[in-house]
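The data block below is my_file.txt; it holds compact mmCIF, C-alpha atoms.
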# COMPACT_ATOMS: atom_id res chain seq x y z
CA MET A 1 166.40 116.26 0.05
CA LEU A 2 165.29 119.28 -1.96
CA ARG A 3 163.01 121.55 0.02
CA LEU A 4 160.33 123.29 -1.97
CA PRO A 5 159.55 126.95 -1.27
CA PRO A 6 156.34 127.66 0.64
CA ARG A 7 153.21 128.74 -1.11
CA PRO A 8 153.57 132.42 -2.05
CA PRO A 9 151.10 134.94 -0.61
CA ARG A 10 148.34 136.25 -2.83
CA PHE A 11 149.92 139.68 -2.97
CA ASP A 12 153.15 138.24 -4.39
CA VAL A 13 151.21 136.26 -6.98
CA LEU A 14 149.36 139.42 -7.95
CA ILE A 15 152.65 141.32 -8.38
CA ALA A 16 154.09 138.53 -10.57
CA LEU A 17 150.99 138.32 -12.76
CA SER A 18 150.75 142.10 -13.09
CA GLY A 19 154.39 142.36 -14.10
CA LEU A 20 154.11 139.51 -16.58
CA LEU A 21 150.92 140.83 -18.17
CA GLY A 22 152.33 144.37 -18.28
CA GLY A 23 155.48 143.12 -19.96
CA LEU A 24 153.46 141.17 -22.53
CA LEU A 25 151.41 144.28 -23.25
CA LEU A 26 154.54 146.38 -23.79
CA TRP A 27 156.01 143.63 -25.95
CA GLY A 28 152.82 143.45 -28.01
CA LEU A 29 152.84 147.23 -28.54
CA GLY A 30 156.49 147.16 -29.51
CA LEU A 31 157.59 149.36 -26.60
CA HIS A 32 161.15 148.51 -25.52
CA THR A 33 163.97 150.07 -23.50
CA ARG A 34 166.62 149.50 -26.18
CA ILE A 35 168.92 152.42 -26.73
CA ALA A 36 171.35 150.75 -29.11
CA ALA A 37 171.07 147.65 -31.25
CA PRO A 38 170.59 144.47 -29.17
CA THR A 39 173.40 141.93 -28.90
CA VAL A 40 171.11 138.95 -29.53
CA PRO A 41 169.66 138.83 -33.05
CA THR A 42 165.91 139.22 -32.90
CA ASP A 43 163.04 139.30 -35.31
CA ASN A 44 160.38 141.94 -35.43
CA ASN A 45 158.54 140.48 -32.44
CA ALA A 46 161.62 140.57 -30.16
CA ALA A 47 160.68 137.21 -28.68
CA TRP A 48 163.95 136.93 -26.74
CA THR A 49 162.72 139.69 -24.43
CA LEU A 50 160.09 137.38 -23.01
CA LEU A 51 162.63 135.01 -21.41
CA PRO A 52 164.05 137.54 -18.88
CA LEU A 53 160.51 138.82 -18.36
CA ALA A 54 159.21 135.36 -17.44
CA ALA A 55 162.24 134.63 -15.21
CA THR A 56 161.78 137.89 -13.29
CA ALA A 57 158.04 137.24 -12.89
CA GLY A 58 158.86 133.78 -11.49
CA ALA A 59 161.38 135.34 -9.08
CA GLU A 60 158.61 137.59 -7.79
CA LEU A 61 156.94 134.50 -6.36
CA LEU A 62 160.01 134.08 -4.10
CA ARG A 63 160.26 137.74 -3.00
CA ARG A 64 159.04 137.02 0.54
CA SER A 65 160.09 133.42 1.23
CA TRP A 66 163.41 132.88 -0.57
CA THR A 67 164.60 136.46 -0.94
CA GLY A 68 168.20 135.58 -1.76
CA CYS A 69 167.26 133.10 -4.48
CA GLY A 70 164.68 135.47 -5.95
CA LEU A 71 167.21 138.34 -6.05
CA ALA A 72 169.83 136.12 -7.70
CA VAL A 73 167.39 134.96 -10.40
CA GLY A 74 166.23 138.53 -10.94
CA THR A 75 169.83 139.78 -11.30
CA VAL A 76 170.64 137.16 -13.93
CA ALA A 77 167.41 137.98 -15.78
CA LEU A 78 168.17 141.73 -15.67
CA VAL A 79 171.64 141.17 -17.11
CA ALA A 80 170.17 138.95 -19.83
CA ASP A 81 167.55 141.60 -20.56
CA GLN A 82 170.32 144.06 -21.45
CA PHE A 83 171.33 141.85 -24.40
CA THR A 84 167.80 142.06 -25.87
CA VAL A 85 165.61 144.94 -26.87
CA GLY A 86 164.71 145.23 -23.16
CA SER A 87 161.47 145.42 -21.20
CA LEU A 88 160.49 148.10 -18.72
CA ALA A 89 158.41 145.53 -16.80
CA THR A 90 161.53 143.44 -16.14
CA VAL A 91 163.36 146.45 -14.71
CA LEU A 92 160.43 147.45 -12.49
CA MET A 93 159.99 143.92 -11.15
CA TYR A 94 163.72 143.76 -10.39
CA THR A 95 163.52 146.94 -8.30
CA ASP A 96 160.76 145.25 -6.31
CA LEU A 97 163.00 142.21 -5.76
CA VAL A 98 165.77 144.44 -4.36
CA TYR A 99 163.23 146.19 -2.12
CA ALA A 100 161.82 142.86 -0.88
CA ALA A 101 165.30 141.46 -0.20
CA ALA A 102 166.04 144.40 2.13
CA LEU A 103 162.62 144.28 3.77
CA TYR A 104 162.01 140.54 4.22
CA GLY A 105 165.50 139.05 4.05
CA PRO A 106 167.79 138.12 6.96
CA PRO A 107 168.93 141.05 9.13
CA ALA A 108 172.57 140.77 8.01
CA ARG A 109 171.58 140.93 4.34
CA ALA A 110 169.27 143.86 5.00
CA ARG A 111 172.16 145.77 6.58
CA ARG A 112 174.63 144.98 3.79
CA LEU A 113 172.37 145.44 0.78
CA PRO A 114 172.22 149.30 0.76
CA ALA A 115 176.01 149.49 1.03
CA VAL A 116 176.55 146.93 -1.73
CA THR A 117 174.06 148.55 -4.11
CA GLY A 118 175.56 151.96 -3.37
CA LEU A 119 179.03 150.69 -4.30
CA VAL A 120 177.64 149.08 -7.45
CA THR A 121 175.99 152.38 -8.44
CA VAL A 122 179.20 154.35 -7.93
CA ALA A 123 181.30 151.77 -9.73
CA VAL A 124 179.00 151.62 -12.75
CA THR A 125 178.80 155.41 -12.95
CA LEU A 126 182.59 155.78 -12.86
CA ALA A 127 183.03 153.01 -15.41
CA LEU A 128 180.58 154.65 -17.81
CA LEU A 129 182.30 158.00 -17.38
CA ALA A 130 185.66 156.41 -18.11
CA TRP A 131 184.30 154.53 -21.13
CA PHE A 132 182.18 157.17 -22.85
CA ARG A 133 183.93 160.29 -21.49
CA GLU A 134 180.62 162.13 -21.75
CA PRO A 135 178.60 163.89 -18.98
CA GLN A 136 175.50 162.00 -20.12
CA ALA A 137 177.01 158.93 -18.45
CA LEU A 138 175.97 160.48 -15.13
CA LEU A 139 172.34 160.14 -16.18
CA VAL A 140 172.88 156.45 -16.79
CA GLY A 141 174.48 156.19 -13.35
CA LEU A 142 171.44 157.91 -11.88
CA VAL A 143 169.18 155.31 -13.51
CA VAL A 144 171.37 152.54 -12.09
CA GLY A 145 171.01 154.12 -8.62
CA VAL A 146 167.24 154.22 -8.99
CA ILE A 147 167.22 150.53 -9.94
CA PHE A 148 169.67 149.28 -7.28
CA PHE A 149 170.39 151.73 -4.46
CA GLY A 150 166.96 153.37 -4.18
CA PRO A 151 164.88 150.21 -3.55
CA ALA A 152 167.50 148.74 -1.19
CA THR A 153 167.60 151.90 0.93
CA THR A 154 163.82 152.20 0.99
CA GLY A 155 163.39 148.57 2.08
CA ALA A 156 166.04 148.93 4.81
CA MET A 157 164.43 152.12 6.15
CA LEU A 158 160.98 150.53 6.24
CA ARG A 159 162.41 147.46 7.95
CA ASN A 160 164.06 149.61 10.64
CA HIS A 161 160.80 151.46 11.16
CA ARG A 162 158.88 148.21 11.60
CA GLU A 163 161.47 146.85 14.03
CA ALA A 164 161.37 150.07 16.06
CA THR A 165 157.57 149.92 16.12
CA ALA A 166 157.64 146.28 17.25
CA ALA A 167 160.18 147.11 19.97
CA ALA A 168 158.04 150.02 21.18
CA ARG A 169 154.96 147.82 21.23
CA LEU A 170 156.86 145.16 23.20
CA ARG A 171 158.03 147.77 25.72
CA ALA A 172 154.47 149.03 26.07
CA GLU A 173 153.21 145.49 26.69
CA GLN A 174 155.96 144.89 29.24
CA THR A 175 155.15 148.17 30.97
CA ALA A 176 151.47 147.25 31.09
CA LEU A 177 152.37 143.82 32.47
CA LEU A 178 154.58 145.35 35.16
CA ALA A 179 151.83 147.82 36.04
CA GLU A 180 149.34 144.98 36.37
CA MET A 181 151.79 143.01 38.54
CA ASP A 182 152.27 146.08 40.74
CA ARG A 183 148.50 146.50 41.01
CA VAL A 184 148.01 142.85 41.97
CA GLN A 185 150.84 143.09 44.51
CA ALA A 186 149.34 146.27 45.98
CA VAL A 187 145.93 144.62 46.28
CA THR A 188 147.51 141.56 47.90
CA ASP A 189 149.48 143.68 50.37
CA GLU A 190 146.37 145.72 51.22
CA ARG A 191 144.34 142.56 51.78
CA ALA A 192 147.04 141.18 54.07
CA ARG A 193 147.16 144.46 56.00
CA MET A 194 143.39 144.56 56.38
CA ALA A 195 143.39 140.93 57.49
CA ARG A 196 145.92 141.76 60.22
CA GLU A 197 143.93 144.78 61.36
CA LEU A 198 140.64 142.89 61.45
CA HIS A 199 142.20 140.04 63.39
CA ASP A 200 143.79 142.38 65.90
CA LEU A 201 140.59 144.39 66.31
CA VAL A 202 138.21 141.54 67.07
CA ALA A 203 140.38 138.67 68.34
CA GLY A 204 140.83 139.99 71.87
CA HIS A 205 137.21 141.02 72.35
CA LEU A 206 135.78 137.80 70.93
CA SER A 207 138.18 135.68 72.97
CA ALA A 208 137.10 137.41 76.18
CA ILE A 209 133.45 137.01 75.19
CA ALA A 210 133.91 133.28 74.48
CA ILE A 211 135.81 132.61 77.72
CA HIS A 212 133.44 134.53 80.00
CA SER A 213 130.34 133.13 78.31
CA THR A 214 131.73 129.63 78.94
CA ALA A 215 132.30 130.56 82.59
CA ALA A 216 128.79 131.96 82.91
CA LEU A 217 127.30 128.79 81.50
CA SER A 218 129.43 126.40 83.54
CA LEU A 219 129.19 128.10 86.98
CA ASP A 220 125.93 128.18 88.93
CA ASP A 221 126.70 131.41 90.75
CA GLU A 222 124.68 134.54 90.16
CA ALA A 223 127.43 137.00 91.11
CA THR A 224 129.99 135.28 88.89
CA SER A 225 127.53 135.12 86.03
CA ARG A 226 126.70 138.83 86.35
CA ARG A 227 130.41 139.75 86.31
CA ALA A 228 130.93 137.51 83.26
CA LEU A 229 127.97 139.10 81.50
CA GLY A 230 129.32 142.55 82.30
CA VAL A 231 132.68 141.66 80.75
CA ILE A 232 130.88 140.20 77.74
CA ARG A 233 128.87 143.38 77.26
CA GLU A 234 131.92 145.61 77.64
CA ASN A 235 133.94 143.65 75.07
CA SER A 236 130.98 143.53 72.70
CA VAL A 237 130.56 147.31 72.83
CA GLU A 238 134.30 147.92 72.42
CA GLY A 239 134.53 145.46 69.53
CA LEU A 240 131.56 147.05 67.76
CA ALA A 241 133.04 150.54 68.24
CA GLU A 242 136.39 149.52 66.78
CA MET A 243 134.72 147.77 63.86
CA ARG A 244 132.62 150.90 63.24
CA ARG A 245 135.73 153.10 63.17
CA LEU A 246 137.41 150.72 60.71
CA ILE A 247 134.36 150.72 58.44
CA GLU A 248 134.29 154.53 58.51
CA VAL A 249 137.90 154.58 57.36
CA LEU A 250 137.14 152.16 54.52
CA ARG A 251 134.13 154.21 53.41
CA ALA A 252 135.86 157.60 53.65
CA ARG A 253 136.94 159.19 50.36
CA ASP A 254 138.87 162.18 51.63
CA THR A 255 142.03 162.71 53.61
CA ASP A 256 140.12 163.69 56.76
CA ALA A 257 139.00 160.14 57.46
CA PRO A 258 139.04 159.10 61.11
CA SER A 259 142.02 157.04 62.20
CA VAL A 260 141.74 153.67 63.86
CA ALA A 261 145.47 153.19 64.37
CA PRO A 262 146.22 153.03 68.10
CA THR A 263 149.41 154.37 69.65
CA LEU A 264 151.60 153.33 72.54
CA ASP A 265 149.70 155.79 74.75
CA GLY A 266 146.80 153.35 74.68
CA LEU A 267 148.79 150.44 76.13
CA GLY A 268 147.72 151.33 79.67
CA ALA A 269 144.05 151.06 78.75
CA LEU A 270 144.79 147.83 76.87
CA VAL A 271 146.43 146.29 79.94
CA GLU A 272 143.55 147.40 82.17
CA GLN A 273 141.08 145.82 79.78
CA ALA A 274 143.10 142.58 79.85
CA ARG A 275 142.98 142.63 83.64
CA ALA A 276 139.23 143.19 83.54
CA ASN A 277 138.95 140.17 81.24
CA GLY A 278 140.62 138.02 83.89
CA LEU A 279 144.29 138.15 82.88
CA ASP A 280 146.74 138.61 85.76
CA VAL A 281 149.07 141.27 84.37
CA ARG A 282 151.45 141.78 87.26
CA ARG A 283 154.18 143.74 85.54
CA PHE A 284 153.73 146.32 82.81
CA THR A 285 156.59 148.58 81.71
CA PRO A 286 155.66 151.12 79.03
CA PRO A 287 158.36 152.46 76.70
CA PRO A 288 159.99 155.85 77.30
CA ALA A 289 157.68 158.60 76.16
CA ASP A 290 160.39 160.87 74.76
CA PRO A 291 161.13 160.86 71.93
CA PRO A 292 158.01 159.12 70.59
CA PRO A 293 158.64 156.29 68.12
CA PRO A 294 157.48 156.53 64.48
CA ALA A 295 153.80 155.80 63.98
CA PRO A 296 154.33 152.44 62.17
CA VAL A 297 156.62 151.24 64.96
CA GLY A 298 154.15 152.31 67.64
CA LEU A 299 151.29 150.59 65.86
CA ALA A 300 153.26 147.36 65.43
CA ALA A 301 154.31 147.35 69.11
CA TYR A 302 150.72 147.98 70.24
CA ARG A 303 149.35 145.16 68.09
CA ILE A 304 152.06 142.72 69.22
CA VAL A 305 151.29 143.43 72.89
CA GLN A 306 147.55 143.18 72.19
CA GLU A 307 147.86 139.83 70.41
CA SER A 308 150.25 138.46 73.04
CA LEU A 309 147.81 139.31 75.84
CA THR A 310 144.96 137.79 73.82
CA ASN A 311 146.91 134.57 73.36
CA ALA A 312 147.78 134.49 77.05
CA LEU A 313 144.09 134.83 77.88
CA LYS A 314 143.04 132.18 75.36
CA HIS A 315 145.75 129.57 75.76
CA GLY A 316 147.89 130.36 78.81
CA ALA A 317 147.69 128.80 82.24
CA PRO A 318 146.66 130.91 85.26
CA GLY A 319 149.52 133.00 86.52
CA PRO A 320 151.27 136.36 86.26
CA VAL A 321 151.93 137.94 82.90
CA ASP A 322 154.73 140.43 82.20
CA ALA A 323 154.64 143.00 79.38
CA VAL A 324 157.86 144.99 79.07
CA LEU A 325 158.75 147.56 76.41
CA GLY A 326 162.04 149.39 76.16
CA ARG A 327 164.61 150.98 73.85
CA THR A 328 167.99 149.54 73.05
CA ASP A 329 170.48 150.20 70.24
CA GLY A 330 168.08 152.30 68.18
CA ALA A 331 165.24 149.80 68.39
CA LEU A 332 162.05 149.32 70.34
CA THR A 333 161.92 145.94 72.12
CA VAL A 334 158.67 144.22 73.05
CA ARG A 335 158.67 141.28 75.45
CA VAL A 336 155.58 139.52 76.78
CA VAL A 337 155.97 136.48 79.07
CA SER A 338 153.03 134.36 80.22
CA PRO A 339 152.57 130.93 81.82
CA LEU A 340 152.68 128.10 79.30
CA GLY A 341 149.26 126.51 79.23
CA ALA A 342 148.69 122.77 79.27
CA GLU A 343 146.30 121.07 76.88
CA ALA A 344 142.85 122.12 78.03
CA GLY A 345 139.71 120.10 77.90
CA PRO A 346 137.09 120.64 75.25
CA GLY A 347 134.86 123.66 75.66
CA THR A 348 137.11 125.47 78.12
CA ARG A 349 139.43 127.22 75.69
CA VAL A 350 139.00 129.02 72.41
CA PRO A 351 140.61 127.18 69.48
CA GLY A 352 143.34 129.11 67.69
CA SER A 353 144.21 129.26 64.01
CA GLY A 354 147.78 130.55 64.17
CA ALA A 355 146.81 133.84 62.47
CA GLY A 356 148.02 135.84 65.47
CA LEU A 357 151.62 134.63 65.20
CA VAL A 358 151.60 135.18 61.46
CA GLY A 359 150.37 138.76 61.92
CA MET A 360 152.96 139.59 64.57
CA ARG A 361 155.75 138.12 62.49
CA GLU A 362 154.64 140.08 59.39
CA ARG A 363 154.48 143.35 61.33
CA ALA A 364 158.04 142.89 62.56
CA GLU A 365 159.33 141.86 59.14
CA LEU A 366 157.75 144.84 57.37
CA LEU A 367 159.71 147.16 59.67
CA GLY A 368 162.97 145.26 59.14
CA GLY A 369 162.92 143.86 62.68
CA SER A 370 163.02 140.39 64.20
CA PHE A 371 160.41 138.27 65.93
CA SER A 372 160.51 135.14 68.05
CA ALA A 373 157.89 133.20 69.99
CA GLY A 374 158.24 129.99 71.91
CA PRO A 375 158.49 128.29 75.31
CA VAL A 376 161.29 129.22 77.71
CA GLY A 377 162.28 127.30 80.80
CA GLY A 378 159.61 124.69 80.18
CA GLN A 379 156.91 126.66 82.03
CA LEU A 380 156.73 130.06 80.31
CA TRP A 381 155.83 131.29 76.84
CA GLU A 382 157.77 134.31 75.60
CA VAL A 383 156.99 136.63 72.71
CA ARG A 384 159.85 138.93 71.77
CA ALA A 385 160.06 141.50 68.96
CA VAL A 386 162.76 144.02 68.07
CA LEU A 387 161.47 146.90 65.95
CA PRO A 388 164.00 149.37 64.48
CA LEU A 389 163.22 153.02 65.11
CA GLY A 390 164.10 154.09 61.56
CA GLU A 391 161.95 156.78 59.98
CA THR A 392 161.20 154.73 56.83
CA PRO A 393 158.95 151.77 57.48
CA GLY A 394 158.64 148.85 55.14
CA GLY A 395 162.41 148.55 54.60
CA PRO A 396 164.33 145.36 53.97
CA ARG A 397 162.79 142.30 55.38
CA GLY A 398 164.39 141.43 58.66
CA ALA A 399 165.37 138.06 59.95
CA VAL A 400 162.80 136.03 61.82
CA SER A 401 164.40 134.19 64.66
CA GLY A 402 163.25 131.94 67.42
CA GLN A 403 160.70 129.23 67.13
CA VAL A 404 157.25 129.81 65.82
CA ASP A 405 154.74 127.07 66.34
CA ASP A 406 153.68 125.89 62.88
CA ASP A 407 152.78 122.39 63.94
CA PRO A 408 149.22 121.72 62.74
CA GLY A 409 148.76 119.27 65.54
CA ASP A 410 149.19 121.96 68.19
CA THR A 411 145.95 123.83 68.91
CA ARG A 412 147.69 126.82 70.53
CA GLU A 413 147.40 129.89 68.32
CA ARG A 414 150.73 131.07 69.56

As structure tokens, the full file:
Amino acid sequence: MLRLPPRPPRFDVLIALSGLLGGLLLWGLGLHTRIAAPTVPTDNNAAWTLLPLAATAGAELLRRSWTGCGLAVGTVALVADQFTVGSLATVLMYTDLVYAAALYGPPARARRLPAVTGLVTVAVTLALLAWFREPQALLVGLVVGVIFFGPATTGAMLRNHREATAAARLRAEQTALLAEMDRVQAVTDERARMARELHDLVAGHLSAIAIHSTAALSLDDEATSRRALGVIRENSVEGLAEMRRLIEVLRARDTDAPSVAPTLDGLGALVEQARANGLDVRRFTPPPADPPPPAPVGLAAYRIVQESLTNALKHGAPGPVDAVLGRTDGALTVRVVSPLGAEAGPGTRVPGSGAGLVGMRERAELLGGSFSAGPVGGQLWEVRAVLPLGETPGGPRGAVSGQVDDDPGDTRER
């Protein structure tokens, strides 16, 4: 089935009409390009010149859609025009067809066309020199180059410029997209980090407040209630102070902002606070003080111990708790063991969301370490983390081993 060419753009129609009308005007004024007598017999009006003119104007309508067909029709019309008195409009429209074929045609044709037209120009020039044996033949060869080689080279150069511009624009869009992805990832990472810090800051204090307020409400003993209220007040003040320091960091705009990141030197105070909250920490082994671990490792170890003690207070059964830190094979090990709590009755324990385990696991992974949490021996719950002591935090994501309670039916946060 014959496929019709698409509707030509208005600019192409304008070029065709302008060329046709210009050729008719030159024909009416008797202006021709004939140098010698034409091959085809003509009358005074040179009507045969109008046939190549009309064919070339029709080919101009195909200059953008069917470039090959338009160039072929234009070439035949140009050759036919040489056997008449000739029209300058036909020659000019043909140069536009060569230019359009290099600019809008397939890439392979655009690459070959300058070479082909260059060879044609050289061949015609040499043939004219051999035929006429006159230096003036070089001028004819120059005209042939202007008609063939010049438009093809110009179209190819403009096409290469457009392709380079499009490639540069695409690279700029890709760079902007990558920058936006990096920005979104940075915002996401910062939100996750802030979520971990907020959870670690307030979880322990609020858990102690909830547990001791429940004890104060359920026991009709003035001394016990006063001790519970004292613990509640102490945890409230500490929680507010830590939240205030965090807010000051978020509001600060210079590099001298106060730091809220704790170190391993504060583990002793953390354990004493856990004991004051009612947790029976029997054994506490701090890590060796020399040499001190990198700040990210120390912060992660502190937060893991803090969250483990909070979970033991919230969900563990009464009994001794061990918190042991040590160094082995270039890594800092954290191990917290507490009694495994049974399912408690309503109102006696604080419900957990599982955010504590997620935060501990993420802290270990960001340092390239490993993390495990789960029951051992049927009566104990063990949290174990191995944190490499490398100087560059945030390295490759480490393996996460052991069992982590992701069962939605289990109310234990750990």

As a ChimeraX atom specification, please: the residues near Gly150 (chain A) (cut-off 12 Å, all atoms listed in the file, same-chain neighbours under 4 positions excluded). /A:94-99,102,113-118,120-121,142-146,154-157

Using all atoms listed in the file, which residue out of A:Ala312, A:Leu139, A:Ala152, A:Met93 lies closest to Ala110 (chain A)? A:Ala152

Using Å and a single decimal, report how far CA of Gly368 (chain A) sits from CA of Leu309 (chain A). 23.3 Å

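You will find CA of Leu14 (chain A) at 10.2 Å from CA of Ala57 (chain A).
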
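Proximity ranking of A:Val281, A:Leu103, A:Leu325, A:Leu21 relative to Leu158 (chain A) places A:Leu103 first, based on only C-alpha atoms.
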